$ cat protein11.csv   # CSV, C-alpha atoms and all ligand atoms
chain,number,residue,atom,x,y,z
Z,1078,ARG,CA,-95.7,80.5,-11.7
Z,1079,ALA,CA,-99.3,81.5,-12.0
Z,1080,ALA,CA,-101.3,80.2,-15.0
Z,1081,GLY,CA,-100.9,82.6,-18.0
Z,1082,ASP,CA,-97.2,83.3,-17.4
Z,1083,PRO,CA,-96.3,85.3,-20.6
Z,1084,ALA,CA,-92.8,83.6,-20.6
Z,1085,ILE,CA,-94.8,80.5,-21.5
Z,1086,THR,CA,-97.8,81.8,-23.4
Z,1087,GLU,CA,-96.1,84.4,-25.6
Z,1088,LEU,CA,-93.6,83.8,-28.4
Z,1089,GLN,CA,-90.3,85.4,-27.3
Z,1090,PRO,CA,-88.3,87.5,-29.8
Z,1091,TRP,CA,-85.6,84.8,-30.1
Z,1092,MET,CA,-88.2,82.4,-31.5
Z,1093,ARG,CA,-89.5,84.9,-34.1
Z,1094,SER,CA,-86.4,85.3,-36.2
Z,1095,LEU,CA,-83.3,83.4,-37.2
Z,1096,GLY,CA,-80.2,83.7,-35.0
Z,1097,ASP,CA,-76.6,84.5,-35.9
Z,1098,GLY,CA,-74.8,82.0,-38.1
Z,1099,VAL,CA,-71.7,80.0,-37.2
Z,1100,ASP,CA,-69.3,82.7,-38.5
Z,1101,ALA,CA,-70.7,85.5,-36.4
Z,1102,HIS,CA,-68.4,84.9,-33.4
Z,1103,PRO,CA,-65.1,83.1,-34.5
Z,1104,TYR,CA,-63.9,83.4,-30.9
Z,1105,GLY,CA,-67.0,82.9,-28.6
Z,1106,MET,CA,-68.0,85.3,-25.8
Z,1107,PRO,CA,-70.5,84.8,-22.9
Z,1108,SER,CA,-74.1,85.7,-23.2
Z,1109,PRO,CA,-74.7,89.5,-23.0
Z,1110,PHE,CA,-77.0,88.6,-20.0
Z,1111,GLU,CA,-73.8,87.6,-18.1
Z,1112,ALA,CA,-72.1,91.0,-18.7
Z,1113,HIS,CA,-72.0,91.6,-14.9
Z,1114,VAL,CA,-69.7,88.5,-14.5
Z,1115,LYS,CA,-66.3,90.2,-14.7
Z,1116,ARG,CA,-63.1,91.0,-13.0
Z,1117,ARG,CA,-63.2,94.1,-10.8
Z,1118,ASN,CA,-60.7,96.2,-9.0
Z,1119,VAL,CA,-60.8,98.2,-5.9
Z,1120,GLU,CA,-59.8,101.7,-7.0
Z,1121,TRP,CA,-58.5,103.0,-3.7
Z,1122,LEU,CA,-56.2,100.0,-3.1
Z,1123,THR,CA,-53.5,101.1,-5.6
Z,1124,ALA,CA,-52.3,104.4,-7.0
Z,1125,ASP,CA,-52.9,103.4,-10.6
Z,1126,PRO,CA,-54.2,100.3,-12.6
Z,1127,VAL,CA,-50.8,99.4,-14.0
Z,1128,SER,CA,-49.1,98.3,-10.8
Z,1129,SER,CA,-52.3,96.8,-9.4
Z,1130,VAL,CA,-54.7,93.9,-9.0
Z,1131,ASN,CA,-58.2,92.9,-10.0
Z,1132,PHE,CA,-60.3,90.1,-8.6
Z,1133,THR,CA,-61.9,86.9,-9.8
Z,1134,PRO,CA,-65.8,86.9,-9.5
Z,1135,ILE,CA,-65.8,83.7,-7.5
Z,1136,HIS,CA,-69.4,84.3,-6.4
Z,1137,GLU,CA,-70.5,83.9,-10.1
Z,1138,LEU,CA,-68.5,80.7,-10.7
Z,1139,ASP,CA,-69.1,77.0,-9.9
Z,1140,GLY,CA,-67.1,73.8,-10.1
Z,1141,ILE,CA,-63.4,74.2,-9.8
Z,1142,ILE,CA,-62.1,75.6,-13.1
Z,1143,THR,CA,-61.7,79.4,-13.5
Z,1144,PRO,CA,-62.5,80.5,-17.1
Z,1145,ASN,CA,-59.4,82.2,-18.7
Z,1146,GLY,CA,-61.1,85.6,-19.2
Z,1147,LEU,CA,-62.0,85.8,-15.5
Z,1148,CYS,CA,-58.7,84.9,-13.9
Z,1149,PHE,CA,-57.6,87.7,-11.6
Z,1150,GLU,CA,-54.6,89.7,-12.7
Z,1151,ARG,CA,-51.7,91.0,-10.6
Z,1152,HIS,CA,-49.1,93.1,-12.4
Z,1153,HIS,CA,-46.2,95.0,-11.0
Z,1154,SER,CA,-45.6,96.9,-14.3
Z,1155,GLY,CA,-48.6,96.2,-16.5
Z,1156,ILE,CA,-49.1,93.4,-19.1
Z,1157,ALA,CA,-46.1,92.7,-21.2
Z,1158,ARG,CA,-47.2,92.2,-24.9
Z,1159,VAL,CA,-44.6,89.6,-25.8
Z,1160,ASP,CA,-44.0,88.4,-29.4
Z,1161,PRO,CA,-43.5,84.6,-29.0
Z,1162,SER,CA,-41.1,84.5,-32.0
Z,1163,LEU,CA,-38.8,86.9,-30.2
Z,1164,HIS,CA,-39.2,85.4,-26.7
Z,1165,ARG,CA,-36.3,83.4,-25.2
Z,1166,LEU,CA,-35.8,81.5,-22.0
Z,1167,MET,CA,-32.2,81.6,-20.8
Z,1168,ILE,CA,-30.7,79.2,-18.2
Z,1169,ASN,CA,-27.5,80.5,-16.7
Z,1170,GLY,CA,-25.4,80.4,-13.5
Z,1171,LEU,CA,-24.2,77.2,-11.9
Z,1172,VAL,CA,-24.9,74.9,-14.8
Z,1173,ASP,CA,-22.7,72.8,-17.1
Z,1174,ARG,CA,-24.1,74.4,-20.2
Z,1175,GLU,CA,-25.8,77.8,-20.4
Z,1176,ILE,CA,-28.7,77.5,-22.8
Z,1177,VAL,CA,-31.1,79.8,-24.6
Z,1178,PHE,CA,-34.4,78.2,-25.6
Z,1179,THR,CA,-36.9,79.5,-28.1
Z,1180,MET,CA,-40.6,78.7,-27.7
Z,1181,ASP,CA,-40.3,75.9,-30.2
Z,1182,ASP,CA,-37.4,74.4,-28.2
Z,1183,LEU,CA,-39.4,74.4,-25.0
Z,1184,LYS,CA,-42.3,72.5,-26.8
Z,1185,ARG,CA,-40.0,69.6,-27.6
Z,1186,PHE,CA,-39.7,68.5,-23.9
Z,1187,PRO,CA,-42.3,66.0,-22.7
Z,1188,ARG,CA,-45.6,67.7,-21.9
Z,1189,TYR,CA,-47.8,67.4,-18.8
Z,1190,ASN,CA,-51.2,68.6,-17.7
Z,1191,ARG,CA,-51.9,69.7,-14.1
Z,1192,ILE,CA,-54.7,71.6,-12.4
Z,1193,HIS,CA,-53.5,74.0,-9.7
Z,1194,PHE,CA,-54.7,77.0,-7.8
Z,1195,LEU,CA,-52.7,80.3,-7.8
Z,1196,GLU,CA,-53.4,82.4,-4.8
Z,1197,CYS,CA,-51.7,85.8,-4.3
Z,1198,ALA,CA,-50.1,86.0,-0.8
Z,1199,ALA,CA,-52.0,89.2,-0.4
Z,1200,ASN,CA,-55.5,87.6,-0.9
Z,1201,SER,CA,-57.6,88.6,2.1
Z,1202,GLY,CA,-54.9,90.9,3.3
Z,1203,MET,CA,-57.3,93.9,3.7
Z,1204,GLU,CA,-59.3,91.8,6.2
Z,1205,TRP,CA,-56.4,91.3,8.6
Z,1206,ARG,CA,-57.6,94.1,11.0
Z,1207,GLY,CA,-61.3,93.4,10.7
Z,1208,ALA,CA,-64.1,92.9,8.2
Z,1209,GLN,CA,-63.6,95.4,5.4
Z,1210,LEU,CA,-64.6,94.6,1.8
Z,1211,ASN,CA,-68.2,93.6,1.0
Z,1212,GLY,CA,-67.9,90.7,-1.4
Z,1213,CYS,CA,-66.0,87.5,-1.6
Z,1214,GLN,CA,-64.7,88.7,-5.0
Z,1215,PHE,CA,-62.8,91.3,-3.1
Z,1216,THR,CA,-62.0,89.4,0.1
Z,1217,HIS,CA,-61.0,86.1,-1.6
Z,1218,GLY,CA,-60.8,86.8,-5.3
Z,1219,MET,CA,-57.0,86.9,-5.7
Z,1220,ILE,CA,-57.2,83.2,-6.7
Z,1221,HIS,CA,-57.7,81.2,-9.9
Z,1222,ASN,CA,-57.6,77.5,-10.7
Z,1223,VAL,CA,-56.6,76.4,-14.1
Z,1224,MET,CA,-55.4,73.4,-16.0
Z,1225,TYR,CA,-51.8,74.1,-17.2
Z,1226,THR,CA,-50.1,72.4,-20.1
Z,1227,GLY,CA,-46.4,72.7,-20.1
Z,1228,VAL,CA,-43.1,71.0,-19.4
Z,1229,MET,CA,-41.5,70.0,-16.1
Z,1230,LEU,CA,-38.9,72.5,-14.9
Z,1231,ARG,CA,-36.7,69.6,-13.8
Z,1232,ASP,CA,-36.5,68.3,-17.4
Z,1233,VAL,CA,-35.4,71.8,-18.7
Z,1234,LEU,CA,-32.9,72.1,-15.9
Z,1235,ALA,CA,-31.5,68.6,-16.6
Z,1236,ALA,CA,-30.7,69.8,-20.2
Z,1237,ALA,CA,-28.5,72.6,-18.8
Z,1238,GLY,CA,-27.0,70.3,-16.1
Z,1239,VAL,CA,-27.3,71.8,-12.6
Z,1240,LYS,CA,-23.9,71.8,-10.8
Z,1241,PRO,CA,-24.0,70.1,-7.3
Z,1242,THR,CA,-23.5,73.5,-5.7
Z,1243,GLY,CA,-26.8,74.8,-7.4
Z,1244,THR,CA,-29.3,74.8,-4.6
Z,1245,TRP,CA,-31.4,77.9,-5.5
Z,1246,LEU,CA,-32.8,79.4,-8.7
Z,1247,LEU,CA,-33.8,82.8,-9.6
Z,1248,ALA,CA,-36.8,83.2,-12.0
Z,1249,GLU,CA,-37.1,86.5,-13.9
Z,1250,GLY,CA,-39.9,87.9,-16.0
Z,1251,ALA,CA,-39.8,89.8,-19.3
Z,1252,ASP,CA,-42.1,92.6,-18.1
Z,1253,ALA,CA,-40.9,96.1,-17.3
Z,1254,ALA,CA,-40.7,95.1,-13.6
Z,1255,ALA,CA,-38.4,92.2,-14.5
Z,1256,MET,CA,-40.1,90.5,-11.6
Z,1257,THR,CA,-37.7,88.1,-9.8
Z,1258,ARG,CA,-38.0,85.5,-7.1
Z,1259,SER,CA,-35.7,83.0,-5.5
Z,1260,ILE,CA,-36.9,79.4,-5.4
Z,1261,PRO,CA,-35.3,76.5,-3.6
Z,1262,MET,CA,-34.0,73.8,-6.0
Z,1263,GLU,CA,-35.9,71.1,-4.1
Z,1264,LYS,CA,-39.2,72.7,-5.1
Z,1265,ALA,CA,-38.0,73.3,-8.7
Z,1266,LEU,CA,-37.1,69.6,-9.1
Z,1267,ASP,CA,-40.4,68.4,-7.4
Z,1268,ASP,CA,-43.4,69.8,-9.2
Z,1269,CYS,CA,-42.7,73.2,-10.9
Z,1270,MET,CA,-43.7,73.6,-14.5
Z,1271,ILE,CA,-43.0,75.9,-17.3
Z,1272,ALA,CA,-46.5,76.4,-18.8
Z,1273,PHE,CA,-47.6,77.7,-22.1
Z,1274,LYS,CA,-51.3,76.7,-22.1
Z,1275,MET,CA,-54.1,77.3,-19.7
Z,1276,ASN,CA,-57.4,75.4,-19.9
Z,1277,GLY,CA,-56.3,74.1,-23.3
Z,1278,GLU,CA,-55.5,77.3,-25.1
Z,1279,ALA,CA,-52.5,79.6,-25.1
Z,1280,LEU,CA,-51.8,81.6,-21.9
Z,1281,ARG,CA,-53.6,84.9,-21.9
Z,1282,PRO,CA,-51.3,88.0,-22.1
Z,1283,GLU,CA,-52.5,88.8,-18.6
Z,1284,GLN,CA,-51.3,85.5,-17.3
Z,1285,GLY,CA,-47.8,85.6,-18.8
Z,1286,TYR,CA,-48.1,84.7,-22.5
Z,1287,PRO,CA,-46.2,83.0,-23.9
Z,1288,VAL,CA,-44.7,81.2,-20.8
Z,1289,ARG,CA,-45.1,81.4,-17.1
Z,1290,LEU,CA,-43.7,79.5,-14.1
Z,1291,VAL,CA,-46.1,77.2,-12.2
Z,1292,VAL,CA,-45.1,76.7,-8.6
Z,1293,PRO,CA,-47.9,74.5,-7.2
Z,1294,GLY,CA,-49.3,75.4,-3.8
Z,1295,TRP,CA,-46.8,78.2,-3.3
Z,1296,GLU,CA,-47.6,82.0,-3.1
Z,1297,GLY,CA,-48.7,83.5,-6.4
Z,1298,ASN,CA,-45.8,86.0,-6.5
Z,1299,MET,CA,-43.4,83.2,-7.3
Z,1300,TRP,CA,-45.3,82.2,-10.4
Z,1301,VAL,CA,-43.2,84.4,-12.6
Z,1302,LYS,CA,-45.0,85.5,-15.8
Z,1303,TRP,CA,-43.4,86.1,-19.2
Z,1304,LEU,CA,-40.6,83.9,-17.9
Z,1305,ARG,CA,-37.3,84.9,-19.6
Z,1306,ARG,CA,-34.4,83.7,-17.4
Z,1307,ILE,CA,-33.6,81.2,-14.8
Z,1308,GLU,CA,-30.3,81.6,-13.0
Z,1309,ILE,CA,-28.9,78.8,-10.8
Z,1310,GLY,CA,-27.1,79.9,-7.6
Z,1311,ASP,CA,-26.2,78.6,-4.2
Z,1312,GLN,CA,-28.3,81.0,-2.0
Z,1313,PRO,CA,-31.4,83.2,-2.3
Z,1314,TRP,CA,-30.9,86.5,-4.0
Z,1315,GLN,CA,-32.8,88.7,-1.4
Z,1316,HIS,CA,-34.8,90.6,-4.0
Z,1317,ARG,CA,-37.5,93.2,-3.2
Z,1318,GLU,CA,-40.3,90.6,-3.5
Z,1319,GLU,CA,-38.8,88.5,-0.8
Z,1320,THR,CA,-37.6,91.2,1.6
Z,1321,SER,CA,-39.7,94.4,1.8
Z,1322,LYS,CA,-42.7,92.6,0.2
Z,1323,TYR,CA,-44.4,89.3,0.8
Z,1324,THR,CA,-42.9,89.0,4.3
Z,1325,ASP,CA,-45.0,89.1,7.5
Z,1326,LEU,CA,-44.1,91.6,10.2
Z,1327,LEU,CA,-44.4,90.0,13.7
Z,1328,PRO,CA,-45.2,91.8,17.0
Z,1329,ASP,CA,-41.6,91.6,18.2
Z,1330,GLY,CA,-40.4,93.5,15.1
Z,1331,ARG,CA,-39.0,90.4,13.3
Z,1332,ALA,CA,-40.5,89.3,10.0
Z,1333,ARG,CA,-41.5,85.9,8.8
Z,1334,ARG,CA,-39.7,85.3,5.4
Z,1335,PHE,CA,-39.8,82.8,2.6
Z,1336,THR,CA,-43.3,81.7,3.7
Z,1337,TYR,CA,-44.0,79.9,0.5
Z,1338,GLU,CA,-46.8,77.4,1.1
Z,1339,MET,CA,-50.3,78.7,1.0
Z,1340,ASP,CA,-52.2,77.3,4.1
Z,1341,ALA,CA,-55.6,75.6,3.8
Z,1342,LYS,CA,-58.4,78.1,3.3
Z,1343,SER,CA,-62.0,78.2,2.3
Z,1344,VAL,CA,-64.8,80.7,1.7
Z,1345,ILE,CA,-68.6,80.5,1.1
Z,1346,THR,CA,-69.2,82.1,-2.3
Z,1347,ASN,CA,-73.0,81.8,-2.2
Z,1348,PRO,CA,-74.7,83.3,-0.4
Z,1349,SER,CA,-72.3,86.3,0.0
Z,1350,PRO,CA,-72.6,90.1,-0.1
Z,1351,GLN,CA,-72.6,90.2,-4.0
Z,1352,ALA,CA,-74.8,87.1,-4.2
Z,1353,PRO,CA,-77.7,87.5,-1.7
Z,1354,LEU,CA,-80.5,84.9,-1.2
Z,1355,SER,CA,-83.2,86.1,-3.4
Z,1356,HIS,CA,-85.6,83.2,-3.2
Z,1357,GLY,CA,-86.9,83.5,0.4
Z,1358,LYS,CA,-87.1,80.6,2.9
Z,1359,GLY,CA,-87.0,76.9,1.9
Z,1360,PRO,CA,-84.5,74.8,0.0
Z,1361,THR,CA,-81.2,76.6,-0.2
Z,1362,VAL,CA,-77.9,75.7,-1.9
Z,1363,LEU,CA,-74.9,77.0,0.0
Z,1364,THR,CA,-71.6,76.6,-1.9
Z,1365,GLY,CA,-68.0,77.6,-1.7
Z,1366,ILE,CA,-64.4,76.8,-2.5
Z,1367,ALA,CA,-61.5,75.4,-0.5
Z,1368,TRP,CA,-57.8,74.8,-1.2
Z,1369,SER,CA,-54.5,73.9,0.4
Z,1370,GLY,CA,-50.9,74.4,-0.8
Z,1371,ARG,CA,-50.0,71.2,1.0
Z,1372,GLY,CA,-52.4,68.7,-0.6
Z,1373,THR,CA,-56.1,68.0,-1.0
Z,1374,ILE,CA,-59.2,69.1,1.0
Z,1375,PRO,CA,-61.0,65.9,2.2
Z,1376,ARG,CA,-63.4,67.9,4.4
Z,1377,VAL,CA,-65.1,71.3,4.9
Z,1378,ASP,CA,-67.3,72.2,7.8
Z,1379,VAL,CA,-70.1,74.8,7.6
Z,1380,THR,CA,-71.9,76.7,10.3
Z,1381,LEU,CA,-75.1,78.7,10.0
Z,1382,ASP,CA,-74.9,80.1,13.5
Z,1383,GLY,CA,-71.5,81.7,13.8
Z,1384,GLY,CA,-69.7,78.5,15.0
Z,1385,ARG,CA,-72.1,77.1,17.6
Z,1386,ASN,CA,-73.1,74.1,15.4
Z,1387,TRP,CA,-70.9,72.7,12.6
Z,1388,HIS,CA,-72.1,70.5,9.8
Z,1389,GLN,CA,-70.0,68.6,7.3
Z,1390,ALA,CA,-70.3,70.0,3.8
Z,1391,ARG,CA,-70.7,67.8,0.7
Z,1392,MET,CA,-67.5,67.8,-1.5
Z,1393,ASP,CA,-68.2,67.5,-5.2
Z,1394,GLY,CA,-66.0,67.5,-8.3
Z,1395,PRO,CA,-62.4,66.4,-8.7
Z,1396,SER,CA,-60.2,66.4,-5.6
Z,1397,LEU,CA,-56.6,67.1,-6.8
Z,1398,GLU,CA,-53.4,68.1,-5.1
Z,1399,LYS,CA,-52.9,71.8,-4.7
Z,1400,SER,CA,-56.1,72.5,-6.6
Z,1401,MET,CA,-59.4,74.2,-5.8
Z,1402,HIS,CA,-62.2,72.0,-4.3
Z,1403,ARG,CA,-65.9,72.7,-4.4
Z,1404,PHE,CA,-68.3,72.1,-1.5
Z,1405,TYR,CA,-72.0,72.4,-1.0
Z,1406,PHE,CA,-74.3,72.5,2.0
Z,1407,ASP,CA,-78.0,71.9,1.0
Z,1408,PHE,CA,-80.3,73.1,3.8
Z,1409,ASP,CA,-83.9,74.4,4.4
Z,1410,TRP,CA,-83.6,78.1,5.3
Z,1411,ASP,CA,-86.2,79.0,8.0
Z,1412,GLY,CA,-85.9,82.7,7.0
Z,1413,ARG,CA,-84.1,83.7,10.2
Z,1414,PRO,CA,-80.7,85.6,10.1
Z,1415,LEU,CA,-77.6,83.5,9.5
Z,1416,LEU,CA,-74.0,83.8,10.5
Z,1417,LEU,CA,-72.2,81.7,7.8
Z,1418,GLN,CA,-68.7,80.3,8.1
Z,1419,SER,CA,-66.7,77.5,6.4
Z,1420,ARG,CA,-63.7,75.7,7.8
Z,1421,ALA,CA,-61.3,73.6,5.6
Z,1422,HIS,CA,-59.4,70.5,6.7
Z,1423,ASP,CA,-56.5,69.5,4.5
Z,1424,SER,CA,-55.0,66.1,3.8
Z,1425,THR,CA,-52.2,66.8,6.3
Z,1426,GLY,CA,-54.7,67.2,9.1
Z,1427,TYR,CA,-54.3,71.0,9.3
Z,1428,VAL,CA,-57.6,72.8,10.1
Z,1429,GLN,CA,-58.3,76.4,8.9
Z,1430,PRO,CA,-57.9,78.8,12.0
Z,1431,THR,CA,-60.2,81.6,13.1
Z,1432,LYS,CA,-58.9,85.1,12.3
Z,1433,ASP,CA,-58.5,85.7,16.1
Z,1434,ALA,CA,-56.3,82.6,16.4
Z,1435,LEU,CA,-54.1,83.9,13.6
Z,1436,ARG,CA,-53.8,87.4,15.0
Z,1437,ALA,CA,-52.9,86.0,18.4
Z,1438,ILE,CA,-49.8,84.5,16.9
Z,1439,ARG,CA,-49.0,87.0,14.1
Z,1440,GLY,CA,-50.0,90.3,15.7
Z,1441,PRO,CA,-51.8,93.3,14.2
Z,1442,ASP,CA,-49.3,94.2,11.4
Z,1443,SER,CA,-49.6,91.3,8.9
Z,1444,ILE,CA,-51.0,91.7,5.4
Z,1445,TYR,CA,-50.0,88.5,3.6
Z,1446,HIS,CA,-51.0,84.9,4.3
Z,1447,ASN,CA,-54.4,85.6,5.9
Z,1448,ASN,CA,-56.2,82.2,5.8
Z,1449,GLY,CA,-58.6,82.9,8.7
Z,1450,ILE,CA,-62.2,81.8,8.7
Z,1451,GLN,CA,-64.6,84.3,6.9
Z,1452,THR,CA,-68.0,85.2,8.3
Z,1453,TRP,CA,-71.1,86.4,6.3
Z,1454,HIS,CA,-74.2,87.8,8.1
Z,1455,VAL,CA,-77.4,87.1,6.2
Z,1456,ASP,CA,-80.5,89.0,7.3
Z,1457,GLU,CA,-84.2,88.1,7.0
Z,1458,ARG,CA,-84.3,89.5,3.4
Z,1459,GLY,CA,-81.4,87.4,2.4
Z,1460,GLU,CA,-78.9,90.3,2.1
Z,1461,ALA,CA,-75.4,89.3,3.2
Z,1462,GLU,CA,-72.7,91.4,4.8
Z,1463,ASN,CA,-69.0,90.9,5.7
Z,1464,VAL,CA,-68.7,90.7,9.5
Z,1465,GLU,CA,-66.6,89.2,12.2
Z,1466,VAL,CA,-67.8,87.2,15.2
Z,1467,GLY,CA,-65.8,87.7,18.5
B,1,LIG,N1,-44.6,87.9,-12.9
B,1,LIG,C1,-44.2,89.0,-13.5
B,1,LIG,N2,-43.3,88.9,-14.4
B,1,LIG,N3,-44.7,90.2,-13.1
B,1,LIG,C2,-45.6,90.4,-12.1
B,1,LIG,O1,-46.0,91.5,-11.8
B,1,LIG,N4,-47.0,89.2,-10.4
B,1,LIG,C3,-46.9,88.1,-9.5
B,1,LIG,C4,-46.9,86.8,-10.2
B,1,LIG,N5,-46.0,86.8,-11.3
B,1,LIG,C5,-46.1,89.2,-11.5
B,1,LIG,C6,-45.6,88.0,-11.9
B,1,LIG,C7,-48.0,88.1,-8.5
B,1,LIG,S1,-47.8,89.1,-7.1
B,1,LIG,C8,-49.0,87.2,-8.6
B,1,LIG,S2,-50.1,87.1,-7.3
B,1,LIG,C9,-49.2,86.4,-9.8
B,1,LIG,O2,-48.2,86.6,-10.7
B,1,LIG,C10,-50.6,86.7,-10.4
B,1,LIG,O3,-50.8,85.9,-11.5
B,1,LIG,P1,-52.0,86.2,-12.4
B,1,LIG,O4,-51.9,87.7,-12.9
B,1,LIG,O5,-52.0,85.2,-13.5
B,1,LIG,O6,-53.3,86.2,-11.6
B,2,CO,CO,-49.4,88.4,-5.7

$ encode --input "protein11.csv" --output "structure tokens"
Amino acid sequence: RAAGDPAITELQPWMRSLGDGVDAHPYGMPSPFEAHVKRRNVEWLTADPVSSVNFTPIHELDGIITPNGLCFERHHSGIARVDPSLHRLMINGLVDREIVFTMDDLKRFPRYNRIHFLECAANSGMEWRGAQLNGCQFTHGMIHNVMYTGVMLRDVLAAAGVKPTGTWLLAEGADAAAMTRSIPMEKALDDCMIAFKMNGEALRPEQGYPVRLVVPGWEGNMWVKWLRRIEIGDQPWQHREETSKYTDLLPDGRARRFTYEMDAKSVITNPSPQAPLSHGKGPTVLTGIAWSGRGTIPRVDVTLDGGRNWHQARMDGPSLEKSMHRFYFDFDWDGRPLLLQSRAHDSTGYVQPTKDALRAIRGPDSIYHNNGIQTWHVDERGEAENVEVG
């Protein structure tokens, strides 16, 4: 800054008078200067905002935790406003004892804390046939990563006593959609949770207050919100969300079904179309997020030239199972155009594929489970655009 910068030499308004007292904001909100940091929807995607989705502003966030007020929302019939004193969770079907729990009953099981990402299977679905939406909020923002507090589903099921023939369960929500999904018992007994807190405070209504199912690493649709019933059975129920929706139509007319695990994926969040490089050439911080439904992300590669040369990014922050990871690549920008991509490696050895490699196997008609490599073109001014390289 030149000498005489008024930001230094002049007294600013916030130094001339006293600020608000401690009682002005009993529940704190972000600075008004951050008002642009918000969930956004894409109006033409859905007929109305009730059965719809909005997107996490991942280009405005850092680290690995998504703040509660910015977690994307996906509702099939809007947000259920559930009174916790009237909320019940029923366990029925192939059990020794059918049980109805109140919220207080649930809170008497041993409590656990786990950080996990939730990704909608439709995240990046609009990009299947080519670059479409200009911003990682829209191409990759159907994800959030939150610390859940809750009880293990296996402990709750043990209280009801699952019969040996009980190999599947059906989770049902208390919203007007009564959203239902079949879940294999093996997963239920492994790491599923019934959560009532997110990032330390009560779940937000949008996220399923007072209770939601947490199904680590598996597609978001299975994480039933406003959870009211779990039925134990001996086969999947073949509901709408696992037949006509959340399945992948293959070129030969068959469909991939029960594709639960979210494959390893990554995206550069800065720079990106909503977050251009505004500082010109010189030291530049590139950053992004990576995750895998099968484990951790030990490594992310970054290219500045559309895949000709790859560099290993620097991972920073906690590396947890089925959780978001943060990567950085610090470089000196020479001011020339860039073709940015990131490529995640997960702890099973799986490497994130190109979009072309995915389409070669899955054909042109898929929507869900697009974990292909994303490309941003950055021009000399630092403006970024969603493109594909052939
Ligand atoms: N649960 C109920 N009861 N109703 C719903 O509409 N949407 C599902 C899932 N659980 C849904 C639900 C879908 S498709 C996704 S991707 C996640 O919730 C979204 O969770 P979020 O709103 O916390 O982001
Ligand atoms: Co979804």

$ closest_residue --input "protein11.csv" --among "Z:Gly1297, Z:Gly1277, Z:Gly1238, Z:Pro1261" --to "ligand CO 2 (chain B)" --atoms "only C-alpha atoms and all ligand atoms"
Z:Gly1297

$ residues_near_ligand --input "protein11.csv" --ligand "ligand CO 2 (chain B)" --cutoff "12 Å" --atoms "all atoms listed in the file" --output "number ranges by chain"
Z: 1128-1132, 1149-1153, 1195-1202, 1218-1221, 1256, 1258, 1295-1302, 1318-1319, 1322-1324, 1337, 1339, 1444-1446

$ write_last_selection --input "protein11.csv" --atoms "C-alpha atoms" --output "mmCIF file, keeping the file's coordinate frame"
data_model
loop_
_atom_site.group_PDB
_atom_site.id
_atom_site.type_symbol
_atom_site.label_atom_id
_atom_site.label_comp_id
_atom_site.auth_asym_id
_atom_site.auth_seq_id
_atom_site.Cartn_x
_atom_site.Cartn_y
_atom_site.Cartn_z
ATOM 1 C CA SER Z 1128 -49.100 98.300 -10.800
ATOM 2 C CA SER Z 1129 -52.300 96.800 -9.400
ATOM 3 C CA VAL Z 1130 -54.700 93.900 -9.000
ATOM 4 C CA ASN Z 1131 -58.200 92.900 -10.000
ATOM 5 C CA PHE Z 1132 -60.300 90.100 -8.600
ATOM 6 C CA PHE Z 1149 -57.600 87.700 -11.600
ATOM 7 C CA GLU Z 1150 -54.600 89.700 -12.700
ATOM 8 C CA ARG Z 1151 -51.700 91.000 -10.600
ATOM 9 C CA HIS Z 1152 -49.100 93.100 -12.400
ATOM 10 C CA HIS Z 1153 -46.200 95.000 -11.000
ATOM 11 C CA LEU Z 1195 -52.700 80.300 -7.800
ATOM 12 C CA GLU Z 1196 -53.400 82.400 -4.800
ATOM 13 C CA CYS Z 1197 -51.700 85.800 -4.300
ATOM 14 C CA ALA Z 1198 -50.100 86.000 -0.800
ATOM 15 C CA ALA Z 1199 -52.000 89.200 -0.400
ATOM 16 C CA ASN Z 1200 -55.500 87.600 -0.900
ATOM 17 C CA SER Z 1201 -57.600 88.600 2.100
ATOM 18 C CA GLY Z 1202 -54.900 90.900 3.300
ATOM 19 C CA GLY Z 1218 -60.800 86.800 -5.300
ATOM 20 C CA MET Z 1219 -57.000 86.900 -5.700
ATOM 21 C CA ILE Z 1220 -57.200 83.200 -6.700
ATOM 22 C CA HIS Z 1221 -57.700 81.200 -9.900
ATOM 23 C CA MET Z 1256 -40.100 90.500 -11.600
ATOM 24 C CA ARG Z 1258 -38.000 85.500 -7.100
ATOM 25 C CA TRP Z 1295 -46.800 78.200 -3.300
ATOM 26 C CA GLU Z 1296 -47.600 82.000 -3.100
ATOM 27 C CA GLY Z 1297 -48.700 83.500 -6.400
ATOM 28 C CA ASN Z 1298 -45.800 86.000 -6.500
ATOM 29 C CA MET Z 1299 -43.400 83.200 -7.300
ATOM 30 C CA TRP Z 1300 -45.300 82.200 -10.400
ATOM 31 C CA VAL Z 1301 -43.200 84.400 -12.600
ATOM 32 C CA LYS Z 1302 -45.000 85.500 -15.800
ATOM 33 C CA GLU Z 1318 -40.300 90.600 -3.500
ATOM 34 C CA GLU Z 1319 -38.800 88.500 -0.800
ATOM 35 C CA LYS Z 1322 -42.700 92.600 0.200
ATOM 36 C CA TYR Z 1323 -44.400 89.300 0.800
ATOM 37 C CA THR Z 1324 -42.900 89.000 4.300
ATOM 38 C CA TYR Z 1337 -44.000 79.900 0.500
ATOM 39 C CA MET Z 1339 -50.300 78.700 1.000
ATOM 40 C CA ILE Z 1444 -51.000 91.700 5.400
ATOM 41 C CA TYR Z 1445 -50.000 88.500 3.600
ATOM 42 C CA HIS Z 1446 -51.000 84.900 4.300
#

$ closest_residue --input "protein11.csv" --among "Z:Gly1467, Z:Pro1353, Z:Pro1313, Z:Gly1250" --to "ligand LIG 1 (chain B)" --atoms "only C-alpha atoms and all ligand atoms"
Z:Gly1250
